>>> print(open('start.cif').read())   # mmCIF, N, CA and C atoms
data_structure
loop_
_atom_site.label_atom_id
_atom_site.label_comp_id
_atom_site.auth_asym_id
_atom_site.auth_seq_id
_atom_site.Cartn_x
_atom_site.Cartn_y
_atom_site.Cartn_z
N MET Z 1 -3.20 13.21 5.60
CA MET Z 1 -1.97 12.57 5.98
C MET Z 1 -2.20 11.09 6.26
N ALA Z 2 -3.32 10.74 6.89
CA ALA Z 2 -3.60 9.33 7.15
C ALA Z 2 -3.71 8.56 5.84
N GLN Z 3 -4.33 9.16 4.85
CA GLN Z 3 -4.48 8.51 3.55
C GLN Z 3 -3.11 8.19 2.95
N GLN Z 4 -2.18 9.14 3.00
CA GLN Z 4 -0.84 8.93 2.46
C GLN Z 4 -0.13 7.79 3.20
N THR Z 5 -0.28 7.78 4.52
CA THR Z 5 0.34 6.73 5.32
C THR Z 5 -0.24 5.37 4.96
N LEU Z 6 -1.55 5.29 4.82
CA LEU Z 6 -2.18 4.02 4.48
C LEU Z 6 -1.77 3.53 3.10
N LEU Z 7 -1.71 4.43 2.14
CA LEU Z 7 -1.29 4.04 0.80
C LEU Z 7 0.16 3.58 0.77
N ARG Z 8 1.02 4.27 1.52
CA ARG Z 8 2.43 3.87 1.59
C ARG Z 8 2.55 2.48 2.23
N GLU Z 9 1.84 2.26 3.31
CA GLU Z 9 1.89 0.96 3.99
C GLU Z 9 1.32 -0.15 3.12
N ARG Z 10 0.31 0.18 2.31
CA ARG Z 10 -0.26 -0.82 1.40
C ARG Z 10 0.80 -1.28 0.40
N ILE Z 11 1.65 -0.37 -0.04
CA ILE Z 11 2.73 -0.72 -0.98
C ILE Z 11 3.81 -1.54 -0.26
N LEU Z 12 4.17 -1.11 0.95
CA LEU Z 12 5.21 -1.81 1.70
C LEU Z 12 4.77 -3.18 2.19
N HIS Z 13 3.47 -3.31 2.50
CA HIS Z 13 2.92 -4.55 3.07
C HIS Z 13 1.65 -4.93 2.33
N PRO Z 14 1.76 -5.40 1.08
CA PRO Z 14 0.56 -5.68 0.28
C PRO Z 14 -0.31 -6.80 0.84
N ASP Z 15 0.23 -7.60 1.76
CA ASP Z 15 -0.54 -8.69 2.35
C ASP Z 15 -1.39 -8.24 3.53
N VAL Z 16 -1.29 -6.98 3.92
CA VAL Z 16 -2.04 -6.45 5.07
C VAL Z 16 -3.13 -5.52 4.58
N GLN Z 17 -4.35 -5.75 5.06
CA GLN Z 17 -5.48 -4.89 4.71
C GLN Z 17 -5.65 -3.82 5.79
N PRO Z 18 -5.42 -2.55 5.44
CA PRO Z 18 -5.57 -1.50 6.46
C PRO Z 18 -7.04 -1.28 6.82
N LEU Z 19 -7.25 -0.84 8.03
CA LEU Z 19 -8.59 -0.50 8.50
C LEU Z 19 -8.47 0.74 9.37
N VAL Z 20 -9.26 1.76 9.06
CA VAL Z 20 -9.30 2.98 9.86
C VAL Z 20 -10.51 2.91 10.77
N ILE Z 21 -10.28 3.09 12.06
CA ILE Z 21 -11.39 3.24 13.01
C ILE Z 21 -11.37 4.71 13.41
N LEU Z 22 -12.37 5.44 12.93
CA LEU Z 22 -12.42 6.89 13.08
C LEU Z 22 -13.39 7.27 14.18
N LEU Z 23 -12.87 7.85 15.26
CA LEU Z 23 -13.70 8.35 16.36
C LEU Z 23 -13.89 9.84 16.10
N THR Z 24 -15.13 10.27 15.87
CA THR Z 24 -15.36 11.65 15.45
C THR Z 24 -16.76 12.12 15.79
N ASP Z 25 -16.91 13.44 15.84
CA ASP Z 25 -18.26 14.02 15.87
C ASP Z 25 -18.66 14.42 14.45
N GLY Z 26 -17.71 14.28 13.51
CA GLY Z 26 -17.97 14.55 12.10
C GLY Z 26 -17.80 16.00 11.70
N ALA Z 27 -17.57 16.88 12.65
CA ALA Z 27 -17.45 18.30 12.34
C ALA Z 27 -16.05 18.61 11.84
N GLY Z 28 -15.98 19.25 10.68
CA GLY Z 28 -14.70 19.74 10.19
C GLY Z 28 -14.35 21.00 10.97
N ASN Z 29 -13.16 21.06 11.52
CA ASN Z 29 -12.79 22.20 12.36
C ASN Z 29 -11.86 23.19 11.66
N VAL Z 30 -10.77 22.68 11.12
CA VAL Z 30 -9.77 23.52 10.48
C VAL Z 30 -9.40 22.89 9.15
N SER Z 31 -9.43 23.67 8.11
CA SER Z 31 -9.10 23.17 6.79
C SER Z 31 -7.59 23.23 6.56
N MET Z 32 -7.09 22.28 5.77
CA MET Z 32 -5.68 22.30 5.38
C MET Z 32 -5.50 23.07 4.07
N THR Z 33 -6.61 23.41 3.42
CA THR Z 33 -6.59 24.13 2.15
C THR Z 33 -7.49 25.35 2.28
N SER Z 34 -7.86 25.93 1.16
CA SER Z 34 -8.76 27.08 1.18
C SER Z 34 -10.23 26.66 1.19
N MET Z 35 -10.49 25.35 1.14
CA MET Z 35 -11.88 24.85 1.15
C MET Z 35 -12.47 25.00 2.55
N PRO Z 36 -13.80 25.11 2.64
CA PRO Z 36 -14.44 25.03 3.96
C PRO Z 36 -14.12 23.67 4.59
N PRO Z 37 -13.91 23.62 5.90
CA PRO Z 37 -13.49 22.38 6.56
C PRO Z 37 -14.38 21.17 6.27
N GLN Z 38 -15.69 21.35 6.30
CA GLN Z 38 -16.60 20.23 6.08
C GLN Z 38 -16.47 19.70 4.65
N ASP Z 39 -16.39 20.61 3.69
CA ASP Z 39 -16.24 20.21 2.29
C ASP Z 39 -14.92 19.46 2.08
N GLU Z 40 -13.87 19.96 2.68
CA GLU Z 40 -12.57 19.31 2.56
C GLU Z 40 -12.60 17.92 3.17
N ALA Z 41 -13.21 17.78 4.33
CA ALA Z 41 -13.30 16.46 4.98
C ALA Z 41 -14.06 15.48 4.10
N HIS Z 42 -15.15 15.93 3.48
CA HIS Z 42 -15.92 15.05 2.60
C HIS Z 42 -15.15 14.69 1.34
N ARG Z 43 -14.40 15.64 0.80
CA ARG Z 43 -13.58 15.36 -0.38
C ARG Z 43 -12.50 14.31 -0.06
N LEU Z 44 -11.85 14.47 1.08
CA LEU Z 44 -10.83 13.50 1.49
C LEU Z 44 -11.45 12.14 1.77
N ALA Z 45 -12.63 12.13 2.37
CA ALA Z 45 -13.32 10.86 2.64
C ALA Z 45 -13.70 10.17 1.34
N ASP Z 46 -14.14 10.93 0.36
CA ASP Z 46 -14.46 10.35 -0.96
C ASP Z 46 -13.21 9.69 -1.55
N GLN Z 47 -12.07 10.34 -1.43
CA GLN Z 47 -10.82 9.80 -1.98
C GLN Z 47 -10.41 8.53 -1.24
N ILE Z 48 -10.56 8.52 0.07
CA ILE Z 48 -10.24 7.33 0.86
C ILE Z 48 -11.11 6.16 0.41
N ALA Z 49 -12.39 6.42 0.18
CA ALA Z 49 -13.30 5.37 -0.32
C ALA Z 49 -12.86 4.89 -1.70
N LEU Z 50 -12.48 5.82 -2.58
CA LEU Z 50 -12.02 5.44 -3.91
C LEU Z 50 -10.74 4.60 -3.85
N ASP Z 51 -9.92 4.85 -2.85
CA ASP Z 51 -8.68 4.09 -2.67
C ASP Z 51 -8.93 2.74 -2.02
N ASP Z 52 -10.21 2.42 -1.77
CA ASP Z 52 -10.62 1.14 -1.18
C ASP Z 52 -9.97 0.90 0.18
N ILE Z 53 -9.91 1.95 0.98
CA ILE Z 53 -9.43 1.84 2.35
C ILE Z 53 -10.66 1.65 3.23
N HIS Z 54 -10.70 0.56 3.95
CA HIS Z 54 -11.86 0.22 4.77
C HIS Z 54 -11.85 1.04 6.06
N CYS Z 55 -13.03 1.47 6.46
CA CYS Z 55 -13.17 2.31 7.64
C CYS Z 55 -14.39 1.88 8.45
N VAL Z 56 -14.33 2.16 9.73
CA VAL Z 56 -15.48 2.06 10.63
C VAL Z 56 -15.51 3.40 11.37
N VAL Z 57 -16.66 4.07 11.36
CA VAL Z 57 -16.80 5.37 12.02
C VAL Z 57 -17.56 5.18 13.33
N VAL Z 58 -17.03 5.78 14.38
CA VAL Z 58 -17.71 5.80 15.67
C VAL Z 58 -18.09 7.25 15.95
N ASN Z 59 -19.40 7.50 16.01
CA ASN Z 59 -19.92 8.84 16.24
C ASN Z 59 -19.79 9.17 17.73
N MET Z 60 -18.95 10.13 18.04
CA MET Z 60 -18.71 10.52 19.43
C MET Z 60 -19.65 11.62 19.91
N GLU Z 61 -20.50 12.11 19.02
CA GLU Z 61 -21.44 13.17 19.37
C GLU Z 61 -22.52 12.63 20.32
N HIS Z 62 -22.82 13.37 21.36
CA HIS Z 62 -23.91 12.98 22.27
C HIS Z 62 -25.21 12.99 21.48
N ALA Z 63 -26.05 12.00 21.71
CA ALA Z 63 -27.29 11.85 20.94
C ALA Z 63 -28.15 13.11 20.96
N ALA Z 64 -28.16 13.83 22.07
CA ALA Z 64 -28.98 15.04 22.17
C ALA Z 64 -28.49 16.15 21.25
N PHE Z 65 -27.23 16.10 20.87
CA PHE Z 65 -26.65 17.17 20.04
C PHE Z 65 -26.26 16.69 18.65
N ASP Z 66 -26.54 15.44 18.33
CA ASP Z 66 -26.11 14.85 17.06
C ASP Z 66 -26.76 15.57 15.89
N GLN Z 67 -25.93 16.07 14.98
CA GLN Z 67 -26.41 16.78 13.80
C GLN Z 67 -26.29 15.92 12.54
N GLY Z 68 -25.88 14.66 12.72
CA GLY Z 68 -25.73 13.77 11.57
C GLY Z 68 -24.43 13.94 10.82
N LEU Z 69 -23.48 14.69 11.37
CA LEU Z 69 -22.23 14.96 10.67
C LEU Z 69 -21.34 13.72 10.57
N ALA Z 70 -21.30 12.91 11.62
CA ALA Z 70 -20.48 11.69 11.57
C ALA Z 70 -21.07 10.72 10.56
N GLN Z 71 -22.39 10.61 10.52
CA GLN Z 71 -23.02 9.73 9.53
C GLN Z 71 -22.75 10.22 8.12
N ALA Z 72 -22.78 11.52 7.91
CA ALA Z 72 -22.48 12.07 6.58
C ALA Z 72 -21.05 11.75 6.18
N LEU Z 73 -20.12 11.87 7.12
CA LEU Z 73 -18.73 11.54 6.84
C LEU Z 73 -18.60 10.05 6.53
N ALA Z 74 -19.28 9.21 7.30
CA ALA Z 74 -19.26 7.77 7.05
C ALA Z 74 -19.82 7.46 5.67
N ASP Z 75 -20.86 8.16 5.26
CA ASP Z 75 -21.43 7.96 3.93
C ASP Z 75 -20.39 8.26 2.85
N HIS Z 76 -19.62 9.32 3.03
CA HIS Z 76 -18.57 9.65 2.06
C HIS Z 76 -17.45 8.61 2.08
N LEU Z 77 -17.20 8.02 3.24
CA LEU Z 77 -16.18 6.99 3.36
C LEU Z 77 -16.70 5.63 2.89
N GLU Z 78 -18.01 5.54 2.65
CA GLU Z 78 -18.67 4.27 2.34
C GLU Z 78 -18.42 3.28 3.47
N ALA Z 79 -18.60 3.77 4.70
CA ALA Z 79 -18.29 3.01 5.90
C ALA Z 79 -19.51 2.96 6.82
N PRO Z 80 -19.56 1.94 7.67
CA PRO Z 80 -20.62 1.92 8.68
C PRO Z 80 -20.34 2.98 9.74
N CYS Z 81 -21.40 3.45 10.37
CA CYS Z 81 -21.27 4.44 11.43
C CYS Z 81 -22.04 3.94 12.65
N TYR Z 82 -21.35 3.87 13.77
CA TYR Z 82 -21.96 3.44 15.03
C TYR Z 82 -21.99 4.59 16.01
N THR Z 83 -22.99 4.58 16.85
CA THR Z 83 -23.01 5.50 17.99
C THR Z 83 -22.39 4.77 19.17
N LEU Z 84 -21.99 5.52 20.17
CA LEU Z 84 -21.40 4.89 21.35
C LEU Z 84 -22.38 3.93 22.02
N SER Z 85 -23.67 4.28 22.00
CA SER Z 85 -24.66 3.42 22.64
C SER Z 85 -24.81 2.09 21.91
N GLU Z 86 -24.43 2.04 20.63
CA GLU Z 86 -24.51 0.79 19.87
C GLU Z 86 -23.31 -0.12 20.08
N LEU Z 87 -22.26 0.43 20.65
CA LEU Z 87 -21.02 -0.33 20.73
C LEU Z 87 -20.77 -0.91 22.11
N LYS Z 88 -20.39 -2.14 22.09
CA LYS Z 88 -19.84 -2.82 23.24
C LYS Z 88 -18.56 -3.46 22.70
N ALA Z 89 -17.70 -3.92 23.55
CA ALA Z 89 -16.43 -4.48 23.08
C ALA Z 89 -16.66 -5.59 22.07
N GLU Z 90 -17.59 -6.50 22.35
CA GLU Z 90 -17.83 -7.62 21.43
C GLU Z 90 -18.39 -7.13 20.10
N THR Z 91 -19.28 -6.14 20.14
CA THR Z 91 -19.87 -5.60 18.92
C THR Z 91 -18.81 -4.93 18.06
N LEU Z 92 -17.93 -4.15 18.68
CA LEU Z 92 -16.86 -3.49 17.93
C LEU Z 92 -15.93 -4.53 17.33
N TYR Z 93 -15.58 -5.55 18.11
CA TYR Z 93 -14.71 -6.61 17.59
C TYR Z 93 -15.34 -7.28 16.37
N LYS Z 94 -16.61 -7.61 16.46
CA LYS Z 94 -17.30 -8.26 15.34
C LYS Z 94 -17.39 -7.34 14.13
N ALA Z 95 -17.64 -6.05 14.36
CA ALA Z 95 -17.72 -5.09 13.25
C ALA Z 95 -16.38 -4.99 12.53
N VAL Z 96 -15.31 -4.90 13.28
CA VAL Z 96 -13.98 -4.81 12.68
C VAL Z 96 -13.65 -6.11 11.96
N LYS Z 97 -13.93 -7.24 12.58
CA LYS Z 97 -13.65 -8.54 11.96
C LYS Z 97 -14.42 -8.69 10.65
N GLU Z 98 -15.68 -8.33 10.64
CA GLU Z 98 -16.50 -8.43 9.43
C GLU Z 98 -15.94 -7.52 8.33
N GLU Z 99 -15.57 -6.32 8.69
CA GLU Z 99 -15.01 -5.38 7.70
C GLU Z 99 -13.72 -5.94 7.10
N MET Z 100 -12.88 -6.51 7.94
CA MET Z 100 -11.61 -7.04 7.47
C MET Z 100 -11.80 -8.30 6.62
N GLU Z 101 -12.75 -9.16 6.99
CA GLU Z 101 -12.93 -10.42 6.27
C GLU Z 101 -13.63 -10.23 4.93
N THR Z 102 -14.64 -9.40 4.89
CA THR Z 102 -15.45 -9.32 3.68
C THR Z 102 -15.19 -8.07 2.88
N GLY Z 103 -14.76 -7.01 3.54
CA GLY Z 103 -14.59 -5.74 2.85
C GLY Z 103 -15.92 -5.13 2.49
N ALA Z 104 -16.99 -5.83 2.81
CA ALA Z 104 -18.33 -5.33 2.48
C ALA Z 104 -18.84 -4.41 3.57
N GLY Z 105 -18.15 -4.35 4.66
CA GLY Z 105 -18.57 -3.47 5.73
C GLY Z 105 -19.60 -4.11 6.63
N CYS Z 106 -20.04 -3.34 7.59
CA CYS Z 106 -20.97 -3.82 8.58
C CYS Z 106 -22.33 -3.19 8.38
N ARG Z 107 -22.55 -2.61 7.22
CA ARG Z 107 -23.77 -1.86 6.99
C ARG Z 107 -25.02 -2.72 7.16
N ASN Z 108 -24.92 -4.00 6.90
CA ASN Z 108 -26.09 -4.86 7.04
C ASN Z 108 -26.39 -5.18 8.49
N PHE Z 109 -25.47 -4.88 9.39
CA PHE Z 109 -25.62 -5.29 10.76
C PHE Z 109 -25.95 -4.14 11.71
N ILE Z 110 -26.11 -2.94 11.19
CA ILE Z 110 -26.32 -1.80 12.07
C ILE Z 110 -27.79 -1.72 12.44
N GLY Z 111 -28.08 -1.78 13.73
CA GLY Z 111 -29.45 -1.63 14.20
C GLY Z 111 -29.79 -0.16 14.33
N ARG Z 112 -30.96 0.24 13.98
CA ARG Z 112 -31.39 1.64 14.09
C ARG Z 112 -32.65 1.70 14.93
N GLY Z 113 -33.01 2.89 15.29
CA GLY Z 113 -34.22 3.08 16.09
C GLY Z 113 -34.10 2.50 17.47
N GLY Z 114 -32.86 2.49 18.01
CA GLY Z 114 -32.65 1.99 19.36
C GLY Z 114 -32.38 0.50 19.40
N ALA Z 115 -32.52 -0.19 18.28
CA ALA Z 115 -32.27 -1.63 18.27
C ALA Z 115 -30.76 -1.87 18.30
N SER Z 116 -30.38 -2.96 18.93
CA SER Z 116 -28.97 -3.32 18.97
C SER Z 116 -28.56 -3.96 17.66
N PRO Z 117 -27.30 -3.72 17.24
CA PRO Z 117 -26.83 -4.38 16.03
C PRO Z 117 -26.82 -5.89 16.25
N THR Z 118 -27.07 -6.65 15.21
CA THR Z 118 -26.98 -8.09 15.27
C THR Z 118 -25.94 -8.55 14.27
N PHE Z 119 -25.28 -9.64 14.60
CA PHE Z 119 -24.21 -10.13 13.76
C PHE Z 119 -24.40 -11.63 13.54
N PRO Z 120 -23.88 -12.13 12.42
CA PRO Z 120 -23.94 -13.57 12.20
C PRO Z 120 -23.09 -14.28 13.24
N SER Z 121 -23.37 -15.52 13.48
CA SER Z 121 -22.58 -16.27 14.46
C SER Z 121 -21.17 -16.44 13.94
N ALA Z 122 -20.26 -16.75 14.83
CA ALA Z 122 -18.85 -16.85 14.47
C ALA Z 122 -18.61 -17.93 13.44
N GLY Z 123 -19.46 -18.93 13.36
CA GLY Z 123 -19.30 -20.00 12.40
C GLY Z 123 -19.82 -19.67 11.02
N SER Z 124 -20.47 -18.51 10.84
CA SER Z 124 -21.05 -18.14 9.54
C SER Z 124 -20.01 -17.69 8.58
#
>>> encode(input="start.cif", output="C-alpha coordinates")
Amino acid sequence: MAQQTLLRERILHPDVQPLVILLTDGAGNVSMTSMPPQDEAHRLADQIALDDIHCVVVNMEHAAFDQGLAQALADHLEAPCYTLSELKAETLYKAVKEEMETGAGCRNFIGRGGASPTFPSAGS
(Lines of atoms letter the chains of each structure in order from A and count residues from 1; the text may use other names and numbers.)
(Lines give C-alpha, C1' and ligand atoms only; values in the text may rest on other atoms or scores of the structure.)
Protein backbone atom coordinates (compact mmCIF):
# COMPACT_ATOMS: atom_id res chain seq x y z
CA MET A 1 0.00 0.00 0.00
CA ALA A 2 2.85 2.40 0.74
CA GLN A 3 4.26 1.76 -2.72
CA GLN A 4 0.92 2.66 -4.35
CA THR A 5 0.70 5.84 -2.29
CA LEU A 6 4.24 6.87 -3.21
CA LEU A 7 3.70 6.22 -6.91
CA ARG A 8 0.43 8.18 -6.87
CA GLU A 9 2.08 11.11 -5.08
CA ARG A 10 4.98 11.01 -7.55
CA ILE A 11 2.46 11.56 -10.36
CA LEU A 12 0.58 14.29 -8.48
CA HIS A 13 3.77 16.05 -7.32
CA PRO A 14 6.58 15.25 -9.80
CA ASP A 15 8.80 17.94 -8.25
CA VAL A 16 8.90 16.11 -4.89
CA GLN A 17 11.25 13.19 -4.26
CA PRO A 18 9.64 10.71 -1.84
CA LEU A 19 11.70 9.11 0.89
CA VAL A 20 10.63 6.18 3.06
CA ILE A 21 12.14 5.92 6.53
CA LEU A 22 11.36 2.36 7.55
CA LEU A 23 11.59 1.44 11.25
CA THR A 24 11.60 -2.36 11.39
CA ASP A 25 13.04 -5.53 12.82
CA GLY A 26 12.81 -6.89 9.27
CA ALA A 27 10.60 -9.83 10.19
CA GLY A 28 7.65 -10.48 7.93
CA ASN A 29 4.67 -11.19 10.17
CA VAL A 30 1.53 -11.55 8.08
CA SER A 31 1.35 -11.97 4.34
CA MET A 32 -1.18 -10.14 2.17
CA THR A 33 -0.98 -12.99 -0.37
CA SER A 34 -0.36 -16.72 -0.27
CA MET A 35 3.43 -16.14 -0.19
CA PRO A 36 5.42 -16.62 3.01
CA PRO A 37 5.61 -13.22 4.77
CA GLN A 38 9.39 -12.83 4.44
CA ASP A 39 9.35 -13.70 0.73
CA GLU A 40 6.49 -11.28 0.12
CA ALA A 41 8.29 -8.48 1.97
CA HIS A 42 11.43 -9.03 -0.12
CA ARG A 43 9.42 -9.11 -3.36
CA LEU A 44 7.72 -5.82 -2.46
CA ALA A 45 11.06 -4.30 -1.45
CA ASP A 46 12.55 -5.33 -4.80
CA GLN A 47 9.66 -3.58 -6.58
CA ILE A 48 10.08 -0.42 -4.48
CA ALA A 49 13.78 -0.37 -5.46
CA LEU A 50 12.87 -0.86 -9.13
CA ASP A 51 10.45 2.07 -8.85
CA ASP A 52 13.42 4.19 -7.68
CA ILE A 53 11.80 5.06 -4.36
CA HIS A 54 14.53 6.07 -1.94
CA CYS A 55 14.52 4.49 1.51
CA VAL A 56 16.47 4.54 4.76
CA VAL A 57 16.01 1.50 7.03
CA VAL A 58 16.37 1.73 10.80
CA ASN A 59 16.88 -1.67 12.40
CA MET A 60 14.80 -1.73 15.58
CA GLU A 61 16.00 -5.20 16.60
CA HIS A 62 18.07 -5.30 19.80
CA ALA A 63 21.68 -6.14 18.91
CA ALA A 64 21.61 -9.27 21.08
CA PHE A 65 18.72 -10.69 19.05
CA ASP A 66 19.52 -9.27 15.61
CA GLN A 67 19.12 -11.95 12.94
CA GLY A 68 20.07 -9.68 10.04
CA LEU A 69 16.48 -9.45 8.78
CA ALA A 70 16.39 -5.64 8.63
CA GLN A 71 19.68 -5.60 6.73
CA ALA A 72 18.33 -8.19 4.29
CA LEU A 73 15.23 -6.05 3.72
CA ALA A 74 17.43 -2.98 3.23
CA ASP A 75 19.47 -4.92 0.68
CA HIS A 76 16.30 -5.66 -1.29
CA LEU A 77 15.32 -1.99 -1.05
CA GLU A 78 18.85 -0.99 -2.14
CA ALA A 79 18.85 1.23 0.94
CA PRO A 80 21.21 1.93 3.81
CA CYS A 81 20.44 0.22 7.10
CA TYR A 82 21.26 1.78 10.47
CA THR A 83 21.03 0.36 13.94
CA LEU A 84 19.65 2.49 16.74
CA SER A 85 23.12 2.72 18.27
CA GLU A 86 24.40 4.28 15.03
CA LEU A 87 21.77 6.99 14.97
CA LYS A 88 21.70 10.32 16.64
CA ALA A 89 19.46 13.17 15.50
CA GLU A 90 22.26 14.82 13.50
CA THR A 91 23.31 11.52 11.90
CA LEU A 92 19.75 10.72 10.84
CA TYR A 93 19.30 14.24 9.46
CA LYS A 94 22.51 13.94 7.43
CA ALA A 95 21.57 10.46 6.18
CA VAL A 96 18.17 11.66 4.99
CA LYS A 97 19.65 14.82 3.45
CA GLU A 98 22.30 12.81 1.57
CA GLU A 99 19.69 10.35 0.28
CA MET A 100 17.47 13.17 -0.92
CA GLU A 101 20.28 15.19 -2.54
CA THR A 102 22.18 12.46 -4.32
CA GLY A 103 19.83 9.52 -4.52
CA ALA A 104 22.97 7.46 -4.10
CA GLY A 105 22.09 6.65 -0.54
CA CYS A 106 24.19 6.70 2.56
CA ARG A 107 25.87 3.37 1.97
CA ASN A 108 29.30 4.98 1.82
CA PHE A 109 28.82 6.56 5.21
CA ILE A 110 27.74 3.62 7.34
CA GLY A 111 30.28 2.71 10.00
CA ARG A 112 30.50 -0.97 10.94
CA GLY A 113 32.19 -2.88 13.69
CA GLY A 114 31.08 -0.37 16.31
CA ALA A 115 32.48 2.61 14.43
CA SER A 116 30.30 5.67 14.13
CA PRO A 117 29.10 6.70 10.69
CA THR A 118 31.00 9.63 9.20
CA PHE A 119 29.60 12.16 6.81
CA PRO A 120 31.06 14.81 4.53
CA SER A 121 30.94 18.33 5.88
CA ALA A 122 27.91 20.43 5.07
CA GLY A 123 29.90 22.40 2.50
CA SER A 124 30.80 19.26 0.47
>>> closest_residue(input="start.cif", among="Z:Ala63, Z:Val58, Z:Leu69, Z:Leu23", to="Asp39 (chain Z)", atoms="only C-alpha atoms")
Z:Leu69
>>> closest_residue(input="start.cif", among="Z:Leu19, Z:Ala2, Z:Ile11, Z:Leu50", to="Val96 (chain Z)", atoms="only C-alpha atoms")
Z:Leu19
>>> select_by_dssp(input="start.cif", residues="chain Z", states="strand (DSSP E or B)", output="list of chain:residue names")
Z:Leu19, Z:Val20, Z:Ile21, Z:Leu22, Z:Leu23, Z:Thr24, Z:His54, Z:Cys55, Z:Val56, Z:Val57, Z:Val58, Z:Asn59, Z:Cys81, Z:Tyr82, Z:Thr83
>>> atom_distance(input="start.cif", atom1="atom C of Asp25 (chain Z)", atom2="atom C of Met60 (chain Z)")
6.2 Å
>>> resolve_selection(input="start.cif", expression="the PyMOL selection byres (((chain Z and resi 100 and name CA) around 12) and name CA)", output="ChimeraX atom specification")
/Z:16-21,52-56,93-99,101-106
>>> closest_residue(input="start.cif", among="Z:Asn59, Z:Thr91, Z:Ser31, Z:Gln47", to="Leu77 (chain Z)", atoms="all atoms listed in the file")
Z:Gln47
>>> residues_around(input="start.cif", residues="Gln67 (chain Z)", least_positions_apart="6", cutoff="10 Å", atoms="only C-alpha atoms", output="VMD selection string")
chain Z and resid 25 to 27 61
>>> atom_distance(input="start.cif", atom1="CA of Met32 (chain Z)", atom2="CA of Leu44 (chain Z)")
10.9 Å
>>> atom_distance(input="start.cif", atom1="atom C of Leu73 (chain Z)", atom2="atom N of Ser85 (chain Z)")
17.3 Å
>>> select_by_dssp(input="start.cif", residues="region 26-71 of chain Z", states="alpha helix (DSSP H)", output="JSON, numbers by chain")
{"Z": [37, 38, 39, 40, 41, 42, 43, 44, 45, 46, 47, 48, 49, 50, 69, 70, 71]}
